[in-house]
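As stored in my_file-v9.tsv (TSV, C-alpha atoms):
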chain	number	residue	atom	x	y	z
J	1	MET	CA	111.86	117.62	103.05
J	2	ALA	CA	109.45	114.83	102.09
J	3	ALA	CA	107.35	115.13	98.96
J	4	LEU	CA	103.69	115.68	99.80
J	5	HIS	CA	100.62	114.47	97.92
J	6	GLU	CA	96.88	114.69	98.54
J	7	VAL	CA	96.51	110.93	98.05
J	8	VAL	CA	99.29	108.34	98.14
J	9	ILE	CA	98.55	104.78	97.01
J	10	ILE	CA	100.92	101.97	97.95
J	11	GLY	CA	100.83	99.27	95.27
J	12	GLY	CA	100.46	99.49	91.51
J	13	GLY	CA	98.50	96.30	90.89
J	14	ASN	CA	94.82	96.06	90.02
J	15	ALA	CA	93.78	97.83	93.24
J	16	GLY	CA	96.21	100.72	93.03
J	17	VAL	CA	95.88	101.51	89.33
J	18	SER	CA	92.10	101.18	89.09
J	19	LEU	CA	91.63	103.26	92.24
J	20	ALA	CA	94.02	105.96	91.06
J	21	ALA	CA	92.15	106.20	87.76
J	22	ARG	CA	88.80	106.42	89.50
J	23	LEU	CA	90.02	109.12	91.91
J	24	GLU	CA	91.27	111.16	88.96
J	25	ARG	CA	87.83	110.84	87.38
J	26	TYR	CA	86.26	112.00	90.64
J	27	GLY	CA	88.34	115.17	90.64
J	28	VAL	CA	91.27	114.27	92.90
J	29	LYS	CA	94.19	115.80	91.02
J	30	ASP	CA	97.22	115.08	93.22
J	31	VAL	CA	97.54	111.29	93.33
J	32	ALA	CA	100.85	109.43	93.67
J	33	LEU	CA	101.27	105.69	93.09
J	34	ILE	CA	104.15	103.81	94.73
J	35	GLU	CA	105.17	100.74	92.71
J	36	PRO	CA	108.70	99.39	92.11
J	37	LYS	CA	107.95	96.93	89.30
J	38	ASP	CA	108.21	97.81	85.61
J	39	HIS	CA	105.48	95.41	84.49
J	40	HIS	CA	101.81	95.02	85.35
J	41	PHE	CA	100.07	91.63	85.17
J	42	TYR	CA	96.51	90.43	84.65
J	43	GLN	CA	96.79	87.50	87.04
J	44	PRO	CA	93.55	85.63	86.18
J	45	LEU	CA	95.16	84.66	82.87
J	46	PHE	CA	98.00	82.85	84.66
J	47	SER	CA	95.72	79.81	85.08
J	48	HIS	CA	94.93	79.82	81.37
J	49	ILE	CA	98.64	80.06	80.54
J	50	ALA	CA	99.38	77.09	82.81
J	51	GLY	CA	96.54	75.19	81.15
J	52	GLY	CA	97.62	75.93	77.60
J	53	ARG	CA	94.70	78.23	76.81
J	54	ALA	CA	96.49	81.60	76.75
J	55	GLN	CA	99.87	83.00	75.80
J	56	ALA	CA	102.05	84.73	78.37
J	57	LYS	CA	102.18	87.96	76.37
J	58	GLU	CA	98.41	88.43	76.83
J	59	ALA	CA	98.81	88.83	80.61
J	60	VAL	CA	101.43	91.60	80.77
J	61	ARG	CA	101.74	95.33	80.02
J	62	SER	CA	104.34	97.88	81.06
J	63	GLN	CA	103.58	99.69	84.30
J	64	ALA	CA	104.05	102.99	82.50
J	65	ALA	CA	101.33	102.06	80.00
J	66	VAL	CA	98.69	101.35	82.66
J	67	THR	CA	99.49	104.21	85.06
J	68	PRO	CA	96.68	106.76	84.59
J	69	PRO	CA	97.59	110.12	83.01
J	70	GLY	CA	98.07	112.74	85.70
J	71	VAL	CA	99.04	110.21	88.38
J	72	GLU	CA	102.63	110.45	89.61
J	73	TRP	CA	104.34	107.07	89.48
J	74	ILE	CA	106.93	106.72	92.24
J	75	ARG	CA	109.17	103.88	91.05
J	76	ASP	CA	110.18	102.68	94.49
J	77	ALA	CA	109.00	100.24	97.16
J	78	ALA	CA	107.26	101.16	100.42
J	79	VAL	CA	109.05	99.75	103.48
J	80	ASP	CA	107.27	101.55	106.33
J	81	VAL	CA	104.30	103.75	107.19
J	82	ASP	CA	104.13	106.17	110.11
J	83	ALA	CA	100.44	106.95	110.46
J	84	ASN	CA	101.14	109.49	113.21
J	85	THR	CA	103.30	111.69	110.98
J	86	ASN	CA	101.48	110.81	107.72
J	87	THR	CA	104.61	109.59	105.97
J	88	VAL	CA	105.66	106.58	103.91
J	89	THR	CA	109.29	105.49	103.92
J	90	LEU	CA	110.67	104.09	100.67
J	91	ALA	CA	113.36	101.49	100.01
J	92	SER	CA	115.58	104.26	98.63
J	93	GLY	CA	115.51	105.97	102.02
J	94	SER	CA	113.35	108.91	100.94
J	95	THR	CA	109.93	109.64	102.40
J	96	VAL	CA	106.57	110.66	100.97
J	97	GLY	CA	103.96	112.61	102.90
J	98	TYR	CA	100.24	112.18	102.39
J	99	GLY	CA	96.89	113.69	103.14
J	100	GLN	CA	95.12	110.39	102.51
J	101	LEU	CA	96.84	107.01	102.26
J	102	VAL	CA	95.57	103.88	100.53
J	103	VAL	CA	97.45	100.66	101.34
J	104	CYS	CA	97.10	97.95	98.69
J	105	PRO	CA	100.48	96.24	98.17
J	106	GLY	CA	98.95	92.80	97.63
J	107	LEU	CA	100.23	89.60	99.24
J	108	GLN	CA	103.68	88.09	99.50
J	109	TYR	CA	104.47	84.47	98.68
J	110	ASP	CA	105.91	82.61	101.66
J	111	TRP	CA	107.80	79.90	99.76
J	112	ASP	CA	110.00	79.07	102.75
J	113	ALA	CA	106.96	78.17	104.86
J	114	VAL	CA	106.98	74.73	103.19
J	115	PRO	CA	110.45	73.13	103.31
J	116	GLY	CA	111.71	72.31	99.83
J	117	LEU	CA	108.86	74.03	97.97
J	118	ALA	CA	110.88	76.86	96.43
J	119	GLU	CA	113.45	74.39	95.12
J	120	ALA	CA	110.72	72.07	93.84
J	121	VAL	CA	108.90	74.62	91.66
J	122	HIS	CA	112.21	75.57	90.04
J	123	SER	CA	113.21	71.94	89.47
J	124	PRO	CA	112.61	70.03	86.20
J	125	HIS	CA	109.38	68.47	87.51
J	126	GLY	CA	107.77	71.37	89.38
J	127	ALA	CA	106.07	74.67	88.63
J	128	THR	CA	103.48	77.14	89.87
J	129	HIS	CA	101.04	79.29	87.94
J	130	TYR	CA	101.10	81.87	90.73
J	131	GLU	CA	104.42	83.16	89.34
J	132	PHE	CA	104.24	84.66	85.85
J	133	GLU	CA	107.69	83.33	84.97
J	134	LEU	CA	106.67	79.75	85.82
J	135	ALA	CA	103.13	79.60	84.39
J	136	SER	CA	104.30	78.65	80.88
J	137	LYS	CA	106.60	76.03	82.39
J	138	ALA	CA	103.57	74.49	84.12
J	139	TRP	CA	101.91	73.92	80.74
J	140	THR	CA	105.10	72.49	79.27
J	141	LEU	CA	105.21	69.93	82.08
J	142	LEU	CA	101.49	69.13	82.09
J	143	SER	CA	101.11	68.85	78.32
J	144	GLY	CA	104.18	66.61	78.12
J	145	LEU	CA	102.89	64.14	80.69
J	146	THR	CA	101.56	60.90	79.18
J	147	SER	CA	101.62	58.72	82.29
J	148	GLY	CA	102.50	58.97	85.97
J	149	THR	CA	101.30	61.21	88.81
J	150	ALA	CA	100.40	64.90	88.81
J	151	VAL	CA	99.94	66.61	92.18
J	152	PHE	CA	98.20	69.97	92.61
J	153	THR	CA	98.24	71.76	95.97
J	154	MET	CA	96.52	74.69	97.66
J	155	PRO	CA	97.69	76.16	101.00
J	156	ALA	CA	95.59	77.05	104.01
J	157	GLY	CA	95.06	80.68	104.93
J	158	PRO	CA	94.28	83.77	102.85
J	159	ILE	CA	95.45	83.53	99.24
J	160	LYS	CA	94.78	85.24	95.94
J	161	CYS	CA	91.65	83.72	94.39
J	162	GLY	CA	91.54	80.42	96.26
J	163	GLY	CA	89.84	78.61	93.41
J	164	ALA	CA	92.66	79.45	91.01
J	165	SER	CA	94.76	76.62	92.46
J	166	GLN	CA	92.41	74.13	90.79
J	167	LYS	CA	92.02	75.68	87.35
J	168	PRO	CA	95.11	74.30	85.54
J	169	MET	CA	94.24	70.86	86.90
J	170	TYR	CA	90.87	70.76	85.11
J	171	LEU	CA	92.39	72.20	81.92
J	172	ALA	CA	95.13	69.55	82.00
J	173	CYS	CA	92.68	66.71	82.68
J	174	ASP	CA	90.53	67.69	79.73
J	175	TYR	CA	93.64	67.89	77.55
J	176	TRP	CA	94.84	64.45	78.70
J	177	ARG	CA	91.38	63.07	77.98
J	178	GLN	CA	91.52	64.50	74.45
J	179	GLN	CA	94.96	62.92	74.02
J	180	GLY	CA	93.70	59.55	75.25
J	181	VAL	CA	96.09	59.36	78.23
J	182	LEU	CA	93.92	60.49	81.17
J	183	ASP	CA	93.41	56.92	82.36
J	184	LYS	CA	97.22	56.53	82.61
J	185	ILE	CA	97.67	59.59	84.84
J	186	ARG	CA	96.98	59.71	88.56
J	187	VAL	CA	95.77	63.19	89.51
J	188	VAL	CA	95.80	64.30	93.16
J	189	MET	CA	94.41	67.60	94.45
J	190	VAL	CA	95.41	68.65	97.99
J	191	GLN	CA	92.78	70.95	99.50
J	192	PRO	CA	93.02	72.30	103.10
J	193	TYR	CA	89.27	72.73	103.61
J	194	PRO	CA	86.42	70.26	104.22
J	195	THR	CA	85.03	70.58	100.67
J	196	VAL	CA	86.45	71.41	97.27
J	197	PHE	CA	85.48	75.09	97.54
J	198	GLY	CA	82.94	75.97	100.21
J	199	VAL	CA	79.81	77.09	98.35
J	200	PRO	CA	77.46	74.05	98.31
J	201	GLU	CA	76.06	74.72	94.86
J	202	VAL	CA	79.56	75.15	93.42
J	203	ASP	CA	80.87	72.13	95.32
J	204	ARG	CA	78.29	69.89	93.69
J	205	GLU	CA	79.30	70.99	90.20
J	206	LEU	CA	83.03	70.69	90.92
J	207	ASP	CA	82.58	67.30	92.58
J	208	ARG	CA	80.88	66.12	89.39
J	209	LYS	CA	83.87	67.21	87.30
J	210	ILE	CA	86.32	65.68	89.79
J	211	ALA	CA	84.52	62.34	89.47
J	212	GLU	CA	84.39	62.70	85.68
J	213	TYR	CA	88.18	63.11	85.50
J	214	GLY	CA	88.95	60.55	88.20
J	215	ILE	CA	90.77	63.08	90.39
J	216	GLU	CA	91.76	62.03	93.91
J	217	LEU	CA	90.61	64.91	96.12
J	218	ARG	CA	92.32	65.12	99.50
J	219	THR	CA	90.29	67.51	101.65
J	220	ASP	CA	91.38	68.75	105.09
J	221	SER	CA	94.97	68.21	103.97
J	222	GLU	CA	97.99	70.38	103.24
J	223	LEU	CA	101.45	70.15	101.73
J	224	VAL	CA	104.08	70.18	104.49
J	225	SER	CA	107.34	69.42	102.65
J	226	VAL	CA	108.79	68.58	99.24
J	227	ASP	CA	111.92	66.68	98.23
J	228	ALA	CA	112.65	67.86	94.69
J	229	THR	CA	115.46	65.36	94.17
J	230	ARG	CA	113.29	62.36	95.06
J	231	ARG	CA	110.19	64.02	93.60
J	232	GLU	CA	108.27	63.41	96.82
J	233	ALA	CA	105.52	65.60	98.24
J	234	THR	CA	104.48	65.01	101.84
J	235	ILE	CA	100.96	65.95	102.81
J	236	ARG	CA	99.38	65.98	106.25
J	237	SER	CA	95.79	65.42	107.34
J	238	LEU	CA	94.67	68.44	109.32
J	239	GLY	CA	92.27	66.26	111.25
J	240	SER	CA	94.31	63.23	112.30
J	241	GLY	CA	97.79	64.66	111.78
J	242	SER	CA	98.79	61.58	109.78
J	243	GLN	CA	101.18	62.08	106.87
J	244	GLU	CA	101.42	60.59	103.40
J	245	THR	CA	104.25	60.90	100.89
J	246	LEU	CA	103.29	61.09	97.23
J	247	GLN	CA	105.74	60.33	94.43
J	248	TYR	CA	105.09	62.78	91.60
J	249	ASP	CA	106.04	63.29	87.98
J	250	VAL	CA	104.64	66.83	87.92
J	251	LEU	CA	103.98	69.09	90.90
J	252	ASN	CA	102.01	72.33	90.47
J	253	ALA	CA	101.98	74.06	93.84
J	254	VAL	CA	100.47	77.26	95.21
J	255	PRO	CA	102.60	78.90	97.93
J	256	PRO	CA	101.34	79.98	101.36
J	257	GLN	CA	100.64	83.72	101.35
J	258	SER	CA	100.45	86.59	103.81
J	259	ALA	CA	100.60	90.36	104.05
J	260	PRO	CA	104.06	91.79	103.24
J	261	ASP	CA	106.54	91.61	106.11
J	262	TRP	CA	107.06	95.39	106.15
J	263	LEU	CA	103.31	95.90	106.56
J	264	LYS	CA	103.14	93.42	109.44
J	265	ALA	CA	105.76	95.51	111.26
J	266	THR	CA	103.68	98.72	111.12
J	267	ASP	CA	100.82	99.59	113.45
J	268	LEU	CA	98.26	99.46	110.62
J	269	PRO	CA	97.16	95.85	111.29
J	270	ALA	CA	94.99	95.13	114.32
J	271	PRO	CA	97.19	94.18	117.31
J	272	SER	CA	95.54	90.75	117.39
J	273	ASP	CA	95.99	90.10	113.64
J	274	LYS	CA	99.09	87.95	113.20
J	275	GLY	CA	98.51	87.91	109.45
J	276	GLY	CA	99.40	91.58	109.20
J	277	PHE	CA	96.35	92.74	107.24
J	278	VAL	CA	95.30	96.39	107.43
J	279	GLU	CA	92.61	96.99	110.05
J	280	VAL	CA	89.64	98.54	108.24
J	281	ASP	CA	85.91	98.86	108.56
J	282	ARG	CA	84.84	95.96	106.35
J	283	GLN	CA	82.09	98.00	104.70
J	284	THR	CA	83.61	101.48	104.27
J	285	LEU	CA	87.25	100.24	103.93
J	286	ARG	CA	88.47	103.07	106.17
J	287	HIS	CA	91.02	102.34	108.88
J	288	LEU	CA	89.45	101.93	112.31
J	289	ARG	CA	92.10	104.02	114.11
J	290	TYR	CA	93.51	106.34	111.45
J	291	PRO	CA	90.74	108.15	109.55
J	292	ASN	CA	92.99	109.21	106.66
J	293	VAL	CA	94.19	105.64	105.99
J	294	TRP	CA	92.33	103.18	103.76
J	295	SER	CA	92.88	99.71	102.35
J	296	LEU	CA	91.38	97.39	99.77
J	297	GLY	CA	92.30	94.25	97.90
J	298	ASP	CA	94.46	91.42	99.15
J	299	ALA	CA	96.18	93.29	102.01
J	300	ALA	CA	92.96	94.62	103.55
J	301	GLY	CA	91.62	92.99	106.70
J	302	THR	CA	88.25	92.11	105.17
J	303	THR	CA	86.46	88.77	105.40
J	304	ASN	CA	85.72	88.26	101.70
J	305	SER	CA	87.48	85.79	99.44
J	306	LYS	CA	90.29	87.74	97.78
J	307	SER	CA	89.67	88.16	94.05
J	308	GLY	CA	89.60	90.67	91.24
J	309	GLY	CA	85.81	90.61	91.29
J	310	ALA	CA	85.78	91.58	94.96
J	311	LEU	CA	88.29	94.30	94.25
J	312	ARG	CA	86.18	95.83	91.50
J	313	LYS	CA	83.36	96.35	94.02
J	314	GLN	CA	85.75	97.63	96.69
J	315	THR	CA	87.37	100.18	94.38
J	316	LYS	CA	84.09	101.98	93.74
J	317	VAL	CA	83.22	102.02	97.45
J	318	LEU	CA	86.60	103.27	98.60
J	319	ALA	CA	86.94	105.95	95.92
J	320	LYS	CA	83.57	107.48	96.69
J	321	ASN	CA	84.11	107.28	100.45
J	322	LEU	CA	87.57	108.84	100.24
J	323	VAL	CA	86.23	111.74	98.19
J	324	ALA	CA	83.42	112.20	100.72
J	325	ALA	CA	85.85	112.10	103.64
J	326	ARG	CA	88.01	114.82	102.08
J	327	LYS	CA	84.91	117.04	101.97
J	328	GLY	CA	83.91	116.20	105.54
J	329	LYS	CA	80.83	114.31	104.39
J	330	PRO	CA	79.46	110.95	105.71
J	331	LEU	CA	80.65	107.70	104.18
J	332	THR	CA	77.57	106.35	102.42
J	333	GLN	CA	79.11	103.59	100.30
J	334	LYS	CA	79.22	100.05	101.71
J	335	TYR	CA	81.08	97.00	100.42
J	336	ASN	CA	78.81	93.95	100.69
J	337	GLY	CA	81.41	91.16	100.78
J	338	TYR	CA	80.90	90.09	97.15
J	339	SER	CA	83.51	87.90	95.46
J	340	VAL	CA	83.70	85.76	92.35
J	341	CYS	CA	85.76	82.84	91.08
J	342	PRO	CA	85.41	81.41	87.56
J	343	PHE	CA	86.50	77.74	87.54
J	344	THR	CA	87.81	76.58	84.16
J	345	VAL	CA	86.49	73.02	84.46
J	346	SER	CA	87.27	72.06	80.84
J	347	ARG	CA	89.02	73.62	77.87
J	348	ASP	CA	85.87	75.48	76.87
J	349	THR	CA	83.55	75.59	79.90
J	350	VAL	CA	83.51	77.46	83.21
J	351	VAL	CA	81.71	77.13	86.55
J	352	PHE	CA	81.10	80.70	87.64
J	353	ALA	CA	81.05	81.05	91.44
J	354	GLU	CA	79.64	84.33	92.82
J	355	PHE	CA	79.28	84.50	96.60
J	356	ASP	CA	79.48	86.74	99.66
J	357	ASP	CA	81.90	86.71	102.60
J	358	ARG	CA	79.87	83.94	104.25
J	359	TYR	CA	80.13	81.79	101.10
J	360	ARG	CA	76.47	82.19	100.25
J	361	PRO	CA	75.57	82.45	96.53
J	362	MET	CA	75.38	86.06	95.32
J	363	PRO	CA	74.71	85.93	91.57
J	364	THR	CA	74.94	89.22	89.69
J	365	ILE	CA	71.70	88.34	87.92
J	366	PRO	CA	69.25	87.15	90.63
J	367	ARG	CA	67.86	83.65	90.27
J	368	ILE	CA	70.32	82.78	87.48
J	369	PRO	CA	72.45	79.80	88.66
J	370	THR	CA	75.83	80.92	87.27
J	371	TRP	CA	77.49	77.98	89.02
J	372	ASN	CA	76.26	75.61	86.32
J	373	GLU	CA	78.98	74.55	83.87
J	374	SER	CA	78.67	76.76	80.82
J	375	LYS	CA	80.38	77.58	77.53
J	376	ALA	CA	78.99	81.11	77.71
J	377	SER	CA	80.79	81.62	81.03
J	378	TRP	CA	84.00	80.49	79.34
J	379	VAL	CA	83.67	83.28	76.78
J	380	VAL	CA	83.08	85.80	79.57
J	381	ASP	CA	86.09	84.62	81.61
J	382	ARG	CA	88.59	83.96	78.82
J	383	ASP	CA	87.71	86.56	76.19
J	384	ILE	CA	85.63	89.36	77.68
J	385	PHE	CA	87.13	89.85	81.15
J	386	PRO	CA	90.71	90.50	79.93
J	387	GLN	CA	89.48	93.20	77.57
J	388	VAL	CA	87.34	94.75	80.29
J	389	TYR	CA	90.37	94.72	82.59
J	390	TRP	CA	92.83	96.43	80.27
J	391	ASN	CA	90.38	98.87	78.69
J	392	LEU	CA	87.88	99.69	81.45
J	393	ILE	CA	88.84	98.56	84.97
J	394	LEU	CA	92.37	99.98	84.91
J	395	LYS	CA	90.91	103.24	83.60
J	396	GLY	CA	88.44	103.51	86.47
J	397	ARG	CA	85.41	102.91	84.28
J	398	ALA	CA	84.17	99.46	85.37
Could you take the file, read its structure, and then write that structure out as structure tokens?
Amino acid sequence: MAALHEVVIIGGGNAGVSLAARLERYGVKDVALIEPKDHHFYQPLFSHIAGGRAQAKEAVRSQAAVTPPGVEWIRDAAVDVDANTNTVTLASGSTVGYGQLVVCPGLQYDWDAVPGLAEAVHSPHGATHYEFELASKAWTLLSGLTSGTAVFTMPAGPIKCGGASQKPMYLACDYWRQQGVLDKIRVVMVQPYPTVFGVPEVDRELDRKIAEYGIELRTDSELVSVDATRREATIRSLGSGSQETLQYDVLNAVPPQSAPDWLKATDLPAPSDKGGFVEVDRQTLRHLRYPNVWSLGDAAGTTNSKSGGALRKQTKVLAKNLVAARKGKPLTQKYNGYSVCPFTVSRDTVVFAEFDDRYRPMPTIPRIPTWNESKASWVVDRDIFPQVYWNLILKGRA
């Protein structure tokens, strides 16, 4: 017979742990968290690691250490959900029953979507800061470059914190400038959208830094293949379809991303959603067809830019709405589409982008232009946020 819990949460990342902690605080006593990994990561620090401004050990804790007291940690992976029988099937073959289900397994990295990319990031001249194991390697490669070409890429489609693809690039450029070698290094950023980010106020500030560092920005372009042996990256213009092959000395690439394959195969996504994201009301975060199913974070079918800042808002909304639903009360909490992306544009300054799901500015403090380059924002992003994450967010208190 399947184990049964009041609330089952799939995914032990930021979304799952912070939500579990908040539900415990709100009086939900039977919460189970499904997560196969032994370690928990604070992913915003990966960019700092790749840029030489943080150590890898700062970004990791054991999963046991961050799992809230009273929450049952199921050390297994979800492979299927049957929303008609209220059960989750695990990789071990066992099943877990639920009264309420929250689906937040995050995104998967689709390395094979770009031929040669997986081989390239594991080669002597490639890396990615989207993998914890390769973030330190990225800094080794970037800091050791004294001349040649460095290529940074971002894929089209939903990804974790879209702006993060650019952060190690700015940190490296500032370092090369300090070392007196920036003018000997060609820096190319491949960006699939019409502008560097999408929020006009932020674009202006980033464009200024791009010009300051002499970066070649290729908008409306994407990486389509890599030859690690030849050290060649081929990019394609999304407008004309024309292709260009870049010879590189260092490649730092961000992989295409999507909802996990097992989730795509369930009936939780909308039938028309080929991306496989969970179909939810974008304000209440409740499933549109299954009232005891919820989703937040990267795997949720919301329109916001996926980020930890968005998730912090979503966690509060979902927790309060789930508690209300269990009592048969109306769902009064609404997620407003907020997201945030701190751009590390130098080794001690940040451009702080806060915006809604239509990429309109949404500063936390009204009329304060947080998108201006600032040393104070650096302190918030680099020093304060990690402490808030480990000590407050994961405990359901922020």
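One distance worth recording is that between atom CA of Arg358 of chain J and atom CA of Asp220 of chain J, which is 19.1 Å.
Counting all atoms listed in the file and comparing J:Pro124, J:Gly99, J:Gly70, J:Gly297, the residue that lies closest to His5 of chain J is J:Gly99.
Among the candidate residues J:Pro363, J:Gly148, J:Gly116, J:Gly13, the one lying nearest to Val187 of chain J is J:Gly148, with distances computed using all atoms listed in the file.
Here atom CA of Gly27 of chain J stands at a distance of 20.2 Å from atom CA of Asn14 of chain J.
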Atomic distance atom CA of Ala20 of chain J - atom CA of Leu33 of chain J, expressed in Å with one decimal: 7.5 Å
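Those DNA, RNA and protein residues that approach the point (86.4, 81.8, 79.1) to within 10 Å, considering all atoms listed in the file, are Leu45, His48, Arg53, Pro342, Phe343, Thr344, Ser346, Arg347, Asp348, Thr349, Val350, Val351, Ser374, Lys375, Ala376, Ser377, Trp378, Val379, Val380, Asp381, Arg382, Asp383, Ile384, Phe385 and Pro386 of chain J.
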All residues 12 Å or closer to Lys264 of chain J, all atoms listed in the file, same chain fewer than 5 positions away omitted, as a list in words: Val79, Asp80, Val81, Pro105, Leu107, Gln108, Ser258, Ala259, Pro269, Ala270, Pro271, Ser272, Asp273, Lys274, Gly275, Gly276, Phe277, Val278, Glu279, Ala299, Ala300 and Gly301 of chain J
Pick from J:Trp294, J:Tyr109, J:Phe352, J:Tyr359, whichever lies nearest to Val199 of chain J using only C-alpha atoms: J:Tyr359
Within 12 Å of file point (96.4, 83.5, 77.1), counting only C-alpha atoms, expressed as a PyMOL selection string: chain J and resi 42-60+132+135-136+139+381-383+385-387
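Distance check against Gln63 of chain J using only C-alpha atoms: of J:Pro155, J:Gly11, J:Gly106, J:Pro115, the minimum falls on J:Gly11.
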Pull the closest atom pair for each residue of segment 113-203 of chain J that gets at most 12 Å from segment 235-245 of chain J, along with the distance in Å to one decimal, counting all atoms listed in the file, ordering rows by chain and then ascending residue number, as a tab-separated table.
residue	atom	partner	partner_atom	distance
J:Val114	CA	J:Ile235	CA	10.7
J:Pro115	CA	J:Ile235	CA	11.9
J:Val151	CA	J:Ile235	CA	10.7
J:Phe152	CA	J:Ile235	CA	11.3
J:Thr153	CA	J:Ile235	CA	9.4
J:Met154	CA	J:Ile235	CA	11.1
J:Pro155	CA	J:Ile235	CA	10.9
J:Ala156	CA	J:Leu238	CA	10.2
J:Val188	CA	J:Ile235	CA	11.1
J:Met189	CA	J:Ile235	CA	10.7
J:Val190	CA	J:Ile235	CA	7.8
J:Gln191	CA	J:Ser237	CA	10.1
J:Pro192	CA	J:Leu238	CA	7.5
J:Tyr193	CA	J:Leu238	CA	9.0
J:Pro194	CA	J:Leu238	CA	9.9
From J:Asp267, J:His287, J:Cys161, J:Leu182, residue lying nearest Ser143 of chain J [all atoms listed in the file]: J:Leu182
Non-local contacts of Val388 of chain J (10 Å; all atoms listed in the file; under 6 positions in same chain excluded) as a ChimeraX atom specification: /J:380,394-395,397-398
Selected residue, from J:Gly198, J:Glu131, J:Ile10, J:Ser92, that lies nearest to Leu263 of chain J when counting all atoms listed in the file: J:Ile10
Can you pull out the residues contacting Ser339 of chain J? Cut-off 12 Å, using all atoms listed in the file, and skip same-chain residues under 5 positions away; I want them as a PDB file with C-alpha atoms, in the coordinates of the input.
ATOM      1  CA  LYS J 160      94.780  85.240  95.940  1.00  0.00           C
ATOM      2  CA  CYS J 161      91.650  83.720  94.390  1.00  0.00           C
ATOM      3  CA  GLY J 162      91.540  80.420  96.260  1.00  0.00           C
ATOM      4  CA  GLY J 163      89.840  78.610  93.410  1.00  0.00           C
ATOM      5  CA  VAL J 199      79.810  77.090  98.350  1.00  0.00           C
ATOM      6  CA  GLY J 297      92.300  94.250  97.900  1.00  0.00           C
ATOM      7  CA  THR J 302      88.250  92.110 105.170  1.00  0.00           C
ATOM      8  CA  THR J 303      86.460  88.770 105.400  1.00  0.00           C
ATOM      9  CA  ASN J 304      85.720  88.260 101.700  1.00  0.00           C
ATOM     10  CA  SER J 305      87.480  85.790  99.440  1.00  0.00           C
ATOM     11  CA  LYS J 306      90.290  87.740  97.780  1.00  0.00           C
ATOM     12  CA  SER J 307      89.670  88.160  94.050  1.00  0.00           C
ATOM     13  CA  GLY J 308      89.600  90.670  91.240  1.00  0.00           C
ATOM     14  CA  GLY J 309      85.810  90.610  91.290  1.00  0.00           C
ATOM     15  CA  ALA J 310      85.780  91.580  94.960  1.00  0.00           C
ATOM     16  CA  LEU J 311      88.290  94.300  94.250  1.00  0.00           C
ATOM     17  CA  ARG J 312      86.180  95.830  91.500  1.00  0.00           C
ATOM     18  CA  LYS J 313      83.360  96.350  94.020  1.00  0.00           C
ATOM     19  CA  GLN J 314      85.750  97.630  96.690  1.00  0.00           C
ATOM     20  CA  PHE J 352      81.100  80.700  87.640  1.00  0.00           C
ATOM     21  CA  ALA J 353      81.050  81.050  91.440  1.00  0.00           C
ATOM     22  CA  GLU J 354      79.640  84.330  92.820  1.00  0.00           C
ATOM     23  CA  PHE J 355      79.280  84.500  96.600  1.00  0.00           C
ATOM     24  CA  ASP J 356      79.480  86.740  99.660  1.00  0.00           C
ATOM     25  CA  ASP J 357      81.900  86.710 102.600  1.00  0.00           C
ATOM     26  CA  ARG J 358      79.870  83.940 104.250  1.00  0.00           C
ATOM     27  CA  TYR J 359      80.130  81.790 101.100  1.00  0.00           C
ATOM     28  CA  ARG J 360      76.470  82.190 100.250  1.00  0.00           C
ATOM     29  CA  PRO J 361      75.570  82.450  96.530  1.00  0.00           C
ATOM     30  CA  MET J 362      75.380  86.060  95.320  1.00  0.00           C
ATOM     31  CA  PRO J 363      74.710  85.930  91.570  1.00  0.00           C
ATOM     32  CA  THR J 364      74.940  89.220  89.690  1.00  0.00           C
TER      33      THR J 364
END
Surrounding residues of Val71 of chain J excluding itself and chain neighbours under 4 positions, 9 Å, only C-alpha atoms, as a PyMOL selection string: chain J and resi 20-21+24+29-33+67
Rebuild segment 317-324 of chain J so that it carries N, CA and C atoms, then output the result as an mmCIF file, in the frame of the given file.
data_model
loop_
_atom_site.group_PDB
_atom_site.id
_atom_site.type_symbol
_atom_site.label_atom_id
_atom_site.label_comp_id
_atom_site.auth_asym_id
_atom_site.auth_seq_id
_atom_site.Cartn_x
_atom_site.Cartn_y
_atom_site.Cartn_z
ATOM 1 N N VAL J 317 83.597 101.618 96.098
ATOM 2 C CA VAL J 317 83.220 102.020 97.450
ATOM 3 C C VAL J 317 84.279 102.939 98.050
ATOM 4 N N LEU J 318 85.539 102.506 97.973
ATOM 5 C CA LEU J 318 86.600 103.270 98.600
ATOM 6 C C LEU J 318 86.772 104.638 97.938
ATOM 7 N N ALA J 319 86.743 104.679 96.621
ATOM 8 C CA ALA J 319 86.940 105.950 95.920
ATOM 9 C C ALA J 319 85.884 106.970 96.322
ATOM 10 N N LYS J 320 84.640 106.546 96.335
ATOM 11 C CA LYS J 320 83.570 107.480 96.690
ATOM 12 C C LYS J 320 83.647 107.883 98.161
ATOM 13 N N ASN J 321 84.003 106.950 99.034
ATOM 14 C CA ASN J 321 84.110 107.280 100.450
ATOM 15 C C ASN J 321 85.291 108.195 100.728
ATOM 16 N N LEU J 322 86.404 107.976 100.037
ATOM 17 C CA LEU J 322 87.570 108.840 100.240
ATOM 18 C C LEU J 322 87.262 110.272 99.800
ATOM 19 N N VAL J 323 86.610 110.409 98.672
ATOM 20 C CA VAL J 323 86.230 111.740 98.190
ATOM 21 C C VAL J 323 85.285 112.409 99.197
ATOM 22 N N ALA J 324 84.339 111.644 99.722
ATOM 23 C CA ALA J 324 83.420 112.200 100.720
ATOM 24 C C ALA J 324 84.160 112.617 101.979
#
